[in-house]
There are 2 protein chains.
Amino acid sequence: MNAPSRLDPGHTNERAQRRAQVVAELGGLLPPHALLWHSEDTIPYECDGLTAYRQQPLAVALPETEAQIAAVLKACHRLDIPVVARGAGTGLSGGALPHRMGLTLSLAKFNKILAIDPLARTARVQCGVRNLAISEAAKPYKLYYAPDPSSQIACTIGGNVAENSGGVHCLKYGLTLHNVLRVRGFLADGTPVEFGSEALDVPGLDLMSVLVGSEGMLAVVTEVTVRLIPLPQVARCIMASFDDVRHAGDAVANVIAAGIIPAGLEMMDKPMTAAVDSFVQAGYDLNAAAILLCESDGAPEEVEEEIARMVHVLRASGATSIAVSADEAQRLKFWSGRKNAFPASGRISPDYMCMDSTIPRKRLADILIAIAQMEKKYGLRCVNVFHAGDGNLHPLILYDANDPDQLHRCEQFGADILETSVALGGTVTGEHGVGVEKLSSMCVQFSANEREQMLGVKRAFDPKELLNPGKVIPTLSRCAEGGKMHVRGGLLPFPDIPRF
Amino acid sequence: MNAPSRLDPGHTNERAQRRAQVVAELGGLLPPHALLWHSEDTIPYECDGLTAYRQQPLAVALPETEAQIAAVLKACHRLDIPVVARGAGTGLSGGALPHRMGLTLSLAKFNKILAIDPLARTARVQCGVRNLAISEAAKPYKLYYAPDPSSQIACTIGGNVAENSGGVHCLKYGLTLHNVLRVRGFLADGTPVEFGSEALDVPGLDLMSVLVGSEGMLAVVTEVTVRLIPLPQVARCIMASFDDVRHAGDAVANVIAAGIIPAGLEMMDKPMTAAVDSFVQAGYDLNAAAILLCESDGAPEEVEEEIARMVHVLRASGATSIAVSADEAQRLKFWSGRKNAFPASGRISPDYMCMDSTIPRKRLADILIAIAQMEKKYGLRCVNVFHAGDGNLHPLILYDANDPDQLHRCEQFGADILETSVALGGTVTGEHGVGVEKLSSMCVQFSANEREQMLGVKRAFDPKELLNPGKVIPTLSRCAEGGKMHVRGGLLPFPDIPRF
């Protein structure tokens with residue numbers, strides 16, 4: 001047994017006993033290399049992409065077969081051990097944050113592409129297959145998997161299903177939910193289940209749709225059948241510069257109002273383009289107050305026509321300069337900047353907190369102007385990248401986590417962005433999931449009835465509440481404690497989790 | 001109190017007492033004209049589009065405000081009265097079939113379009129608004145609501161949500177689920193709830209998606225926010241003739257395999273085109289063994305290019321003649337036939353039973369050939385119309401319901417189609433919902449675990465199981481009685497419901 005970890009502030013004996021029990025029980029079900037419990041082995045699992053919250057689990061299981069998963073779940077169910085499933089750990093809301101008294105169930109070994117059917121245009125893959133690997137495998141058939149979160153090189157389809165991931169192309173092609181046909185997995189007690197259908201509709205209750213985005217709370221998904229779509233014959237991207245964020249925001253609303261559904265419509269402000277361009281040299285206009293990236297894909301004739309219409313709308317909306325990608329290399333260069341916005345922010349600041357609210361498209365300029373005022377108020381910088389076409393914001397607040405005062409101001413800044421988003425007619429969450437980070441926001445977004453209904457469905461799947469407990473759906477008492485309308489007002493949403 | 005109805009084969013006293021109780025209770029909550037209980041008033045509600053099953057309810061309520069709906073639900077919840085919500089009654093699987101001891105809750109009065117937001121491209125409408133009325137209201141903004149079931153003139157958006165309706169354009173634009181953003185309504189006990197979001201993603205469990213297609217079992221939906229999409233600048237339709245159903249079936253698979261996603265891809269066999277053309281004179285090729293309708297919509301350049309590619313594939317697949325709609329009038333004429341396939345079948349036979357299975361696209365010809373053999377075996381005719389692009393079949397078996405032997409053979413014929421669909425790699429249900437008609441099929445489609453999971457979610461929403469009870473999810477004992485692999489094998493799926 002390992003020494004008590006630094007993350008173990010009490011009840012050490014109870015934890016040690018529990019760990020011994022789990023290790024003894026699971027040791028008989030898994031090969032020795034598939035069960036980790038020494039602190040030096042479990043520390044890589046202490047957080048996901050939301051690095052502000054960390055917790056070591058009792059142990060980490062890395063099963064290699066579905067039979068092992070079922071056996072592990074059955075054992076944990078019998079022993080009342082919480083189970084937190086984990087893919088690549090790239091999530092941004094702490095969905096894969098371990099449970100202090102629980103098992104982390106890594107699905108990293110489930111990385112096989114099982115079948116690609118080019119005629120039915122589907123891929124059947126194990127949950128640990130990386131998002132991009134699906135498109136790579138489908139490429140010989142001129143097909144691809146559309147949802148493309150920024151982390152697509154690393155993130156897994158199982159994690160995408162858990163978080164209902166989007167990406168820069170989801171404006172046109174939809175989120176994970178719209179591109180998944182069938183999921184297979186296990187309930188908390190190890191019962192195998194399969195939901196969804198390769199037909200368009202599914203008979204009976206559509207439990208697949210409620211599994212997608214359920215953040216590991218309902219079942220452990222082991223296999224996913226996704227829809228593949230034809231690779232567009234051609235794609236071109238416009239980079240448009242604006243000397244005023246209001247013009248840029250209005251241009252977004254105007255493009256959509258003109259009846260165009262771009263393949264992507266992204267916005268970055270000046271500090272963001274500066275950060276990104278010094279990192280990947282994407283060729284952005286560094287003098288612009290904001291730039292837009294507008295993509296069109298499809299048949300060549302269609303793309304030419306759509307690009308021309310978008311250029312017209314962007315000019316009429318006050319674009320100061322417009323560049324259209326001349327070839328695929330230039331198009332990928334334009335996107336390389338956007339796709340590296342998060343690591344680029346990591347280069348210019350010790351830490352950053354990524355917010356993820358939504359607003360109506362027509363209020364884009366208002367929120368940018370409000371955020372600029374908040375920068376002064378809280379004495380922190382914020383760089384902004386938006387899925388502008390869907391009105392989904394990703395302001396990245398820059399701070400130093402080693403300075404408690406900066407962390408405190410950063411949290412107040414974040415809460416202010418969320419409250420302002422709601423005041424502008426938006427919502428407190430976008431595409432990154434609730435996890436632990438947005439737990440208190442759920443009190444604002446949903447009524448007590450609606451949250452109770454979610455808990456009811458949770459219990460229908462998992463009556464002992466062992467799968468990823470304490471996340472996503474706040475209890476009535478938590479909302480009452482937090483003050484319903486007081487969104488994250490300086491209060492940690494998860495006070496029992498050590499913070500770094 | 002009215003005289004005992006012909007559908008009242010026993011327990012008359014219990015029913016009369018229950019009815020008196022319901023009428024007394026609801027009479028205080030609704031205006032007099034909004035509560036029907038005399039047999040001559042409730043008989044129009046005795047069935048929906050699945051006319052083979054009929055049942056009068058205890059009473060019919062026609063509330064006019066959400067407060068009345070909540071009050072009615074609360075009263076029924078207290079008295080343990082089952083409640084069956086009803087839209088336009090056009091459903092084809094008996095989802096709105098009344099409960100013998102229950103209340104039918106008609107939502108016909110909820111027929112207002114509340115808001116159209118052309119910038120956000122959404123419409124907020126009451127549940128009783130007709131499907132087509134949404135597109136009519138959106139037309140001034142050059143927008144429309146994409147899902148277009150054949151019944152779209154009459155069917156309501158609330159019914160579409162209940163059944164997750166599709167239509168000829170769902171291959172490209174998705175089902176109801178993919179076009180609905182938010183639903184508002186009431187739980188069985190009258191609690192108001194709202195699920196979904198106008199943002200792309202919804203935080204927490206996606207209970208909106210499980211409400212869509214839940215056939216009135218989870219909640220009564222009163223208000224729906226739908227996504228509107230730009231009216232295509234142009235649409236053109238190809239009518240292609242084939243002298244061999246195998247060539248026609250292969251052509252469908254070839255179009256999809258060529259990377260084209262047509263706006264619609266429909267197939268009709270020779271008896272169907274004959275029935276339809278004598279009804280609406282759609283200009284179909286009456287000598288063809290099968291015809292395909294292939295639509296392209298979008299920008300003019302895109303449509304020209306896609307039509308040319310489809311014509312090329314259809315020719316290479318053996319089309320004997322090809323006509324492309326020259327103008328909008330001709331395009332609508334082509335579709336008028338397809339959209340009238342069901343009433344046209346009603347003209348050539350006293351009754352018909354519409355099946356709704358799915359198969360892999362590449363097996364279209366196989367199922368048509370198998371159905372032709374079944375026509376001989378069961379001594380009944382069958383006309384065929386398929387959403388070929390999605391592999392969704394609608395064989396219409398023609399019979400006379402007054403002849404018990406024909407009805408029996410028709411049911412065996414239908415069961416044979418479903419079993420053959422499964423044997424060809426398909427499923428027993430497509431887009432019409434389970435209702436009462438497909439109840440036994442659910443035993444084949446889902447394992448006991450999966451059905452139990454559905455019942456668990458049902459109970460999480462509706463613990464007393466008062467909303468549309470006995471439909472959609474068969475109990476374990478029903479599946480055991482029916483013989484799990486013996487799909488509808490001559491057995492009525494709902495033996496306690498009188499049959500006509």
# chains A, B, ... in the order shown; residues from 1 in each chain; ligands from 1
>>> residues_around(residues="stretch 26-40 of chain A", least_positions_apart="4", cutoff="6 Å", atoms="only C-alpha atoms", output="PyMOL selection string")
chain A and resi 2+22+59-62
>>> interface_residues(of="chain B", to="chain A", cutoff="7 Å", atoms="only C-alpha atoms", output="VMD selection string")
chain B and resid 119 193 199 to 201 203 to 207 209 to 210 213 to 214 230 257 259 299 301 to 302 358 390 429 to 431 433 to 434 449 to 450 453 to 454 456 to 457 460 to 461 472 to 473
>>> write_last_selection(atoms="N, CA, C and O atoms", output="short mmCIF file (atom, residue, chain, number, x, y, z; two decimals), in the first residue's frame")
data_model
loop_
_atom_site.label_atom_id
_atom_site.label_comp_id
_atom_site.auth_asym_id
_atom_site.auth_seq_id
_atom_site.Cartn_x
_atom_site.Cartn_y
_atom_site.Cartn_z
N LEU B 119 -33.99 35.80 -37.16
CA LEU B 119 -32.55 35.92 -36.96
C LEU B 119 -32.01 34.66 -36.27
O LEU B 119 -31.00 34.10 -36.67
N VAL B 193 -42.62 21.53 -16.73
CA VAL B 193 -41.21 21.28 -17.05
C VAL B 193 -40.88 21.87 -18.41
O VAL B 193 -41.75 22.07 -19.25
N ALA B 199 -29.58 27.01 -27.55
CA ALA B 199 -28.18 26.76 -27.91
C ALA B 199 -28.08 25.35 -28.47
O ALA B 199 -28.98 24.53 -28.29
N LEU B 200 -26.98 25.06 -29.16
CA LEU B 200 -26.84 23.75 -29.78
C LEU B 200 -26.85 22.64 -28.75
O LEU B 200 -27.49 21.61 -28.93
N ASP B 201 -26.11 22.83 -27.68
CA ASP B 201 -25.99 21.79 -26.68
C ASP B 201 -26.91 22.13 -25.52
O ASP B 201 -27.30 23.27 -25.33
N PRO B 203 -27.17 21.60 -21.31
CA PRO B 203 -26.40 21.10 -20.17
C PRO B 203 -27.18 20.03 -19.41
O PRO B 203 -28.41 20.01 -19.45
N GLY B 204 -26.47 19.18 -18.72
CA GLY B 204 -27.11 18.12 -17.94
C GLY B 204 -27.65 17.03 -18.84
O GLY B 204 -27.27 16.93 -20.01
N LEU B 205 -28.53 16.21 -18.29
CA LEU B 205 -29.09 15.12 -19.08
C LEU B 205 -30.02 15.68 -20.15
O LEU B 205 -30.80 16.59 -19.89
N ASP B 206 -29.93 15.14 -21.35
CA ASP B 206 -30.71 15.65 -22.48
C ASP B 206 -32.10 15.02 -22.44
O ASP B 206 -32.41 14.12 -23.22
N LEU B 207 -32.94 15.51 -21.52
CA LEU B 207 -34.27 14.91 -21.38
C LEU B 207 -35.18 15.32 -22.52
O LEU B 207 -36.18 14.66 -22.78
N SER B 209 -34.42 15.03 -25.64
CA SER B 209 -34.30 13.98 -26.65
C SER B 209 -35.07 12.73 -26.29
O SER B 209 -35.52 12.01 -27.16
N VAL B 210 -35.20 12.46 -25.00
CA VAL B 210 -35.96 11.26 -24.63
C VAL B 210 -37.46 11.55 -24.66
O VAL B 210 -38.27 10.65 -24.90
N GLY B 213 -40.32 11.39 -29.33
CA GLY B 213 -40.50 9.97 -29.67
C GLY B 213 -41.01 9.14 -28.51
O GLY B 213 -41.08 7.92 -28.62
N SER B 214 -41.38 9.76 -27.39
CA SER B 214 -41.79 8.97 -26.22
C SER B 214 -43.28 8.66 -26.25
O SER B 214 -43.81 8.07 -25.31
N PRO B 230 -33.30 27.74 -44.07
CA PRO B 230 -33.59 28.56 -45.24
C PRO B 230 -34.28 27.72 -46.32
O PRO B 230 -33.88 26.59 -46.58
N ALA B 257 -23.96 5.53 -52.32
CA ALA B 257 -22.53 5.17 -52.31
C ALA B 257 -21.70 6.17 -53.11
O ALA B 257 -20.49 6.30 -52.89
N GLY B 259 -21.75 9.20 -52.73
CA GLY B 259 -21.46 10.35 -51.88
C GLY B 259 -22.49 11.44 -51.98
O GLY B 259 -22.27 12.57 -51.55
N ALA B 299 -28.58 25.75 -53.71
CA ALA B 299 -28.28 26.84 -54.64
C ALA B 299 -28.37 26.28 -56.07
O ALA B 299 -28.13 25.08 -56.29
N GLU B 301 -26.51 26.31 -58.73
CA GLU B 301 -25.33 25.62 -59.26
C GLU B 301 -25.19 24.24 -58.65
O GLU B 301 -24.87 23.26 -59.32
N GLU B 302 -25.44 24.19 -57.34
CA GLU B 302 -25.32 22.94 -56.60
C GLU B 302 -26.35 21.93 -57.09
O GLU B 302 -26.04 20.75 -57.29
N THR B 358 -37.51 -1.42 -41.47
CA THR B 358 -36.33 -0.91 -42.16
C THR B 358 -35.43 -2.07 -42.56
O THR B 358 -35.44 -3.12 -41.92
N ASP B 390 -33.41 5.97 -46.88
CA ASP B 390 -33.15 5.54 -45.50
C ASP B 390 -33.40 4.05 -45.29
O ASP B 390 -33.32 3.58 -44.16
N THR B 429 -39.22 -1.85 -36.94
CA THR B 429 -39.96 -0.59 -36.89
C THR B 429 -39.20 0.51 -37.57
O THR B 429 -37.96 0.51 -37.59
N GLY B 430 -39.91 1.47 -38.14
CA GLY B 430 -39.27 2.60 -38.82
C GLY B 430 -39.65 3.89 -38.15
O GLY B 430 -39.19 4.18 -37.06
N GLU B 431 -40.54 4.66 -38.76
CA GLU B 431 -40.80 6.01 -38.28
C GLU B 431 -42.19 6.23 -37.70
O GLU B 431 -42.51 7.33 -37.31
N GLY B 433 -43.64 4.87 -35.05
CA GLY B 433 -43.82 4.65 -33.62
C GLY B 433 -44.26 3.23 -33.33
O GLY B 433 -44.60 2.46 -34.23
N VAL B 434 -44.25 2.90 -32.06
CA VAL B 434 -44.60 1.55 -31.60
C VAL B 434 -46.09 1.48 -31.29
O VAL B 434 -46.79 0.58 -31.77
N ASN B 449 -33.28 -6.54 -20.44
CA ASN B 449 -32.58 -5.46 -19.72
C ASN B 449 -32.91 -4.10 -20.31
O ASN B 449 -33.11 -3.12 -19.60
N GLU B 450 -32.89 -4.05 -21.64
CA GLU B 450 -33.09 -2.77 -22.30
C GLU B 450 -34.53 -2.29 -22.13
O GLU B 450 -34.78 -1.10 -21.88
N GLN B 453 -34.91 -1.01 -18.70
CA GLN B 453 -34.31 0.30 -18.58
C GLN B 453 -35.28 1.38 -19.08
O GLN B 453 -35.40 2.44 -18.48
N MET B 454 -35.97 1.07 -20.18
CA MET B 454 -36.98 2.01 -20.69
C MET B 454 -38.10 2.20 -19.67
O MET B 454 -38.54 3.32 -19.42
N GLY B 456 -37.87 1.84 -16.54
CA GLY B 456 -37.32 2.60 -15.43
C GLY B 456 -37.37 4.10 -15.70
O GLY B 456 -37.74 4.89 -14.82
N VAL B 457 -37.03 4.49 -16.92
CA VAL B 457 -37.09 5.92 -17.28
C VAL B 457 -38.54 6.39 -17.30
O VAL B 457 -38.87 7.48 -16.82
N ALA B 460 -39.49 7.03 -13.88
CA ALA B 460 -38.83 8.22 -13.32
C ALA B 460 -39.63 9.47 -13.67
O ALA B 460 -39.67 10.43 -12.91
N PHE B 461 -40.27 9.46 -14.84
CA PHE B 461 -41.11 10.60 -15.22
C PHE B 461 -42.52 10.46 -14.64
O PHE B 461 -43.15 11.44 -14.29
N VAL B 472 -46.14 0.97 -26.18
CA VAL B 472 -44.73 1.21 -26.51
C VAL B 472 -43.76 0.21 -25.87
O VAL B 472 -42.96 -0.41 -26.57
N ILE B 473 -43.80 0.06 -24.55
CA ILE B 473 -42.84 -0.83 -23.88
C ILE B 473 -43.58 -2.05 -23.35
O ILE B 473 -44.33 -1.95 -22.38
#
>>> select_by_dssp(residues="stretch 277-349 of chain B", states="alpha helix (DSSP H)", output="tab-separated table (two decimals) with N, CA, C and O atoms, in the first residue's frame")
chain	number	residue	atom	x	y	z
B	277	ASP	N	-51.55	7.05	-59.54
B	277	ASP	CA	-51.73	7.88	-60.73
B	277	ASP	C	-53.20	7.99	-61.13
B	277	ASP	O	-53.63	9.02	-61.63
B	278	SER	N	-53.96	6.94	-60.85
B	278	SER	CA	-55.38	7.05	-61.16
B	278	SER	C	-56.08	7.98	-60.18
B	278	SER	O	-57.19	8.42	-60.41
B	279	PHE	N	-55.43	8.27	-59.06
B	279	PHE	CA	-56.01	9.15	-58.03
B	279	PHE	C	-55.61	10.61	-58.26
B	279	PHE	O	-56.45	11.50	-58.30
B	280	VAL	N	-54.32	10.86	-58.45
B	280	VAL	CA	-53.89	12.27	-58.55
B	280	VAL	C	-53.19	12.63	-59.86
B	280	VAL	O	-52.73	13.76	-60.02
B	300	PRO	N	-28.72	27.12	-57.04
B	300	PRO	CA	-28.93	26.62	-58.41
B	300	PRO	C	-27.74	25.81	-58.95
B	300	PRO	O	-27.93	24.72	-59.51
B	301	GLU	N	-26.51	26.31	-58.73
B	301	GLU	CA	-25.33	25.62	-59.26
B	301	GLU	C	-25.19	24.24	-58.65
B	301	GLU	O	-24.87	23.26	-59.32
B	302	GLU	N	-25.44	24.19	-57.34
B	302	GLU	CA	-25.32	22.94	-56.60
B	302	GLU	C	-26.35	21.93	-57.09
B	302	GLU	O	-26.04	20.75	-57.29
B	303	VAL	N	-27.57	22.41	-57.31
B	303	VAL	CA	-28.65	21.51	-57.73
B	303	VAL	C	-28.36	20.97	-59.12
B	303	VAL	O	-28.51	19.76	-59.37
B	304	GLU	N	-27.91	21.84	-60.02
B	304	GLU	CA	-27.60	21.38	-61.39
B	304	GLU	C	-26.54	20.29	-61.35
B	304	GLU	O	-26.66	19.25	-62.01
B	305	GLU	N	-25.52	20.53	-60.55
B	305	GLU	CA	-24.41	19.59	-60.47
B	305	GLU	C	-24.87	18.27	-59.86
B	305	GLU	O	-24.54	17.19	-60.36
B	306	GLU	N	-25.70	18.33	-58.80
B	306	GLU	CA	-26.14	17.11	-58.12
B	306	GLU	C	-27.13	16.33	-58.99
B	306	GLU	O	-27.08	15.10	-59.05
B	307	ILE	N	-28.00	17.05	-59.66
B	307	ILE	CA	-28.95	16.38	-60.57
B	307	ILE	C	-28.15	15.65	-61.66
B	307	ILE	O	-28.44	14.48	-61.98
B	308	ALA	N	-27.14	16.30	-62.21
B	308	ALA	CA	-26.34	15.66	-63.28
B	308	ALA	C	-25.66	14.40	-62.77
B	308	ALA	O	-25.66	13.36	-63.44
B	309	ARG	N	-25.11	14.48	-61.54
B	309	ARG	CA	-24.45	13.29	-60.98
B	309	ARG	C	-25.45	12.18	-60.73
B	309	ARG	O	-25.18	11.00	-60.98
B	310	MET	N	-26.64	12.53	-60.22
B	310	MET	CA	-27.65	11.49	-59.94
B	310	MET	C	-28.15	10.86	-61.24
B	310	MET	O	-28.33	9.63	-61.32
B	311	VAL	N	-28.36	11.69	-62.26
B	311	VAL	CA	-28.80	11.14	-63.56
B	311	VAL	C	-27.76	10.15	-64.08
B	311	VAL	O	-28.10	9.05	-64.55
B	312	HIS	N	-26.50	10.52	-63.92
B	312	HIS	CA	-25.42	9.64	-64.37
B	312	HIS	C	-25.47	8.29	-63.64
B	312	HIS	O	-25.42	7.23	-64.27
B	313	VAL	N	-25.60	8.34	-62.32
B	313	VAL	CA	-25.63	7.10	-61.52
B	313	VAL	C	-26.87	6.28	-61.87
B	313	VAL	O	-26.81	5.05	-61.99
B	314	LEU	N	-28.01	6.95	-62.01
B	314	LEU	CA	-29.26	6.23	-62.31
B	314	LEU	C	-29.17	5.54	-63.67
B	314	LEU	O	-29.57	4.39	-63.82
B	315	ARG	N	-28.62	6.25	-64.67
B	315	ARG	CA	-28.45	5.64	-66.01
B	315	ARG	C	-27.55	4.42	-65.91
B	315	ARG	O	-27.88	3.35	-66.43
B	316	ALA	N	-26.41	4.61	-65.22
B	316	ALA	CA	-25.45	3.50	-65.09
B	316	ALA	C	-26.06	2.32	-64.34
B	316	ALA	O	-25.61	1.18	-64.50
B	328	GLU	N	-41.27	24.23	-60.89
B	328	GLU	CA	-41.78	23.92	-59.55
B	328	GLU	C	-43.11	23.18	-59.63
B	328	GLU	O	-43.37	22.26	-58.85
B	329	ALA	N	-43.95	23.55	-60.61
B	329	ALA	CA	-45.26	22.89	-60.74
B	329	ALA	C	-45.08	21.40	-61.02
B	329	ALA	O	-45.75	20.55	-60.43
B	330	GLN	N	-44.13	21.09	-61.91
B	330	GLN	CA	-43.93	19.68	-62.24
B	330	GLN	C	-43.30	18.93	-61.05
B	330	GLN	O	-43.65	17.78	-60.77
B	331	ARG	N	-42.41	19.59	-60.34
B	331	ARG	CA	-41.81	18.96	-59.16
B	331	ARG	C	-42.90	18.62	-58.13
B	331	ARG	O	-42.94	17.51	-57.60
B	332	LEU	N	-43.80	19.57	-57.88
B	332	LEU	CA	-44.87	19.32	-56.91
B	332	LEU	C	-45.80	18.21	-57.41
B	332	LEU	O	-46.33	17.42	-56.61
B	333	LYS	N	-45.98	18.12	-58.73
B	333	LYS	CA	-46.81	17.07	-59.30
B	333	LYS	C	-46.17	15.70	-59.05
B	333	LYS	O	-46.86	14.76	-58.64
B	334	PHE	N	-44.87	15.61	-59.28
B	334	PHE	CA	-44.18	14.35	-58.98
B	334	PHE	C	-44.43	13.93	-57.52
B	334	PHE	O	-44.72	12.78	-57.22
B	335	TRP	N	-44.28	14.90	-56.61
B	335	TRP	CA	-44.44	14.58	-55.18
B	335	TRP	C	-45.88	14.33	-54.80
B	335	TRP	O	-46.16	13.63	-53.82
B	336	SER	N	-46.83	14.96	-55.53
B	336	SER	CA	-48.24	14.79	-55.16
B	336	SER	C	-48.61	13.31	-55.16
B	336	SER	O	-49.40	12.86	-54.32
B	337	GLY	N	-48.04	12.56	-56.06
B	337	GLY	CA	-48.32	11.12	-56.10
B	337	GLY	C	-47.80	10.44	-54.85
B	337	GLY	O	-48.53	9.76	-54.13
B	338	ARG	N	-46.54	10.66	-54.55
B	338	ARG	CA	-45.93	10.03	-53.38
B	338	ARG	C	-46.68	10.39	-52.10
B	338	ARG	O	-46.93	9.54	-51.25
B	339	LYS	N	-47.02	11.66	-52.00
B	339	LYS	CA	-47.66	12.11	-50.76
B	339	LYS	C	-49.09	11.58	-50.62
B	339	LYS	O	-49.65	11.62	-49.53
B	341	ALA	N	-49.94	8.44	-51.50
B	341	ALA	CA	-49.89	6.98	-51.62
B	341	ALA	C	-50.88	6.30	-50.69
B	341	ALA	O	-51.54	5.32	-51.06
B	342	PHE	N	-51.03	6.81	-49.47
B	342	PHE	CA	-51.91	6.14	-48.51
B	342	PHE	C	-53.38	6.32	-48.90
B	342	PHE	O	-54.10	5.32	-49.01
B	343	PRO	N	-53.85	7.56	-49.11
B	343	PRO	CA	-55.26	7.66	-49.54
B	343	PRO	C	-55.53	6.93	-50.86
B	343	PRO	O	-56.61	6.37	-51.03
B	344	ALA	N	-54.54	6.91	-51.76
B	344	ALA	CA	-54.75	6.19	-53.03
B	344	ALA	C	-54.97	4.70	-52.76
B	344	ALA	O	-55.79	4.04	-53.44
B	345	SER	N	-54.26	4.16	-51.76
B	345	SER	CA	-54.45	2.75	-51.42
B	345	SER	C	-55.84	2.52	-50.84
B	345	SER	O	-56.47	1.48	-51.07
B	346	GLY	N	-56.32	3.51	-50.11
B	346	GLY	CA	-57.66	3.42	-49.55
B	346	GLY	C	-58.73	3.37	-50.62
B	346	GLY	O	-59.82	2.85	-50.40
B	347	ARG	N	-58.42	3.91	-51.81
B	347	ARG	CA	-59.40	3.91	-52.90
B	347	ARG	C	-59.52	2.55	-53.57
B	347	ARG	O	-60.54	2.24	-54.19
B	348	ILE	N	-58.43	1.77	-53.52
B	348	ILE	CA	-58.47	0.50	-54.26
B	348	ILE	C	-58.73	-0.70	-53.36
B	348	ILE	O	-58.76	-1.83	-53.82
>>> closest_residue(among="B:Leu293, B:Ile367, B:Ala326, B:Leu73", to="B:Gly389", atoms="only C-alpha atoms")
B:Leu293
>>> residues_around(residues="A:Gln21", least_positions_apart="2", cutoff="12 Å", atoms="only C-alpha atoms", output="ChimeraX atom specification")
/A:1,14-19,23-28,37,58-59,75-76,78-81,101-103
>>> residues_around(residues="B:Ile116", least_positions_apart="5", cutoff="9 Å", atoms="only C-alpha atoms", output="VMD selection string")
chain B and resid 121 to 125 137 to 138
>>> write_last_selection(atoms="all heavy atoms", output="mmCIF file, in the first residue's frame")
data_model
loop_
_atom_site.group_PDB
_atom_site.id
_atom_site.type_symbol
_atom_site.label_atom_id
_atom_site.label_comp_id
_atom_site.auth_asym_id
_atom_site.auth_seq_id
_atom_site.Cartn_x
_atom_site.Cartn_y
_atom_site.Cartn_z
ATOM 1 N N ARG B 121 -33.652 32.007 -36.341
ATOM 2 C CA ARG B 121 -34.216 30.916 -37.147
ATOM 3 C C ARG B 121 -34.924 29.884 -36.305
ATOM 4 O O ARG B 121 -34.611 28.688 -36.351
ATOM 5 C CB ARG B 121 -33.120 30.216 -37.941
ATOM 6 C CG ARG B 121 -32.646 30.999 -39.110
ATOM 7 C CD ARG B 121 -31.877 30.063 -40.017
ATOM 8 N NE ARG B 121 -31.067 30.786 -40.936
ATOM 9 C CZ ARG B 121 -29.895 30.370 -41.380
ATOM 10 N NH1 ARG B 121 -29.412 29.211 -40.950
ATOM 11 N NH2 ARG B 121 -29.239 31.066 -42.238
ATOM 12 N N THR B 122 -35.864 30.364 -35.501
ATOM 13 C CA THR B 122 -36.649 29.464 -34.665
ATOM 14 C C THR B 122 -38.118 29.860 -34.721
ATOM 15 O O THR B 122 -38.447 31.017 -35.019
ATOM 16 C CB THR B 122 -36.203 29.534 -33.187
ATOM 17 O OG1 THR B 122 -36.323 30.887 -32.737
ATOM 18 C CG2 THR B 122 -34.764 29.079 -33.013
ATOM 19 N N ALA B 123 -38.975 28.905 -34.462
ATOM 20 C CA ALA B 123 -40.401 29.182 -34.276
ATOM 21 C C ALA B 123 -40.813 28.555 -32.957
ATOM 22 O O ALA B 123 -40.438 27.424 -32.661
ATOM 23 C CB ALA B 123 -41.229 28.607 -35.416
ATOM 24 N N ARG B 124 -41.565 29.333 -32.170
ATOM 25 C CA ARG B 124 -42.102 28.809 -30.911
ATOM 26 C C ARG B 124 -43.593 28.667 -31.108
ATOM 27 O O ARG B 124 -44.278 29.653 -31.428
ATOM 28 C CB ARG B 124 -41.774 29.782 -29.768
ATOM 29 C CG ARG B 124 -42.005 29.231 -28.382
ATOM 30 C CD ARG B 124 -41.251 30.070 -27.333
ATOM 31 N NE ARG B 124 -41.656 31.464 -27.367
ATOM 32 C CZ ARG B 124 -42.735 31.954 -26.768
ATOM 33 N NH1 ARG B 124 -43.530 31.160 -26.061
ATOM 34 N NH2 ARG B 124 -43.029 33.230 -26.855
ATOM 35 N N VAL B 125 -44.089 27.451 -31.019
ATOM 36 C CA VAL B 125 -45.488 27.198 -31.358
ATOM 37 C C VAL B 125 -46.139 26.332 -30.289
ATOM 38 O O VAL B 125 -45.475 25.565 -29.586
ATOM 39 C CB VAL B 125 -45.615 26.500 -32.736
ATOM 40 C CG1 VAL B 125 -44.906 27.303 -33.817
ATOM 41 C CG2 VAL B 125 -45.087 25.077 -32.709
ATOM 42 N N ALA B 137 -46.142 29.904 -41.985
ATOM 43 C CA ALA B 137 -45.886 31.129 -41.213
ATOM 44 C C ALA B 137 -44.449 31.612 -41.390
ATOM 45 O O ALA B 137 -44.163 32.803 -41.272
ATOM 46 C CB ALA B 137 -46.171 30.876 -39.738
ATOM 47 N N ALA B 138 -43.524 30.678 -41.671
ATOM 48 C CA ALA B 138 -42.111 31.048 -41.803
ATOM 49 C C ALA B 138 -41.774 31.516 -43.218
ATOM 50 O O ALA B 138 -40.721 32.110 -43.443
ATOM 51 C CB ALA B 138 -41.227 29.862 -41.423
#
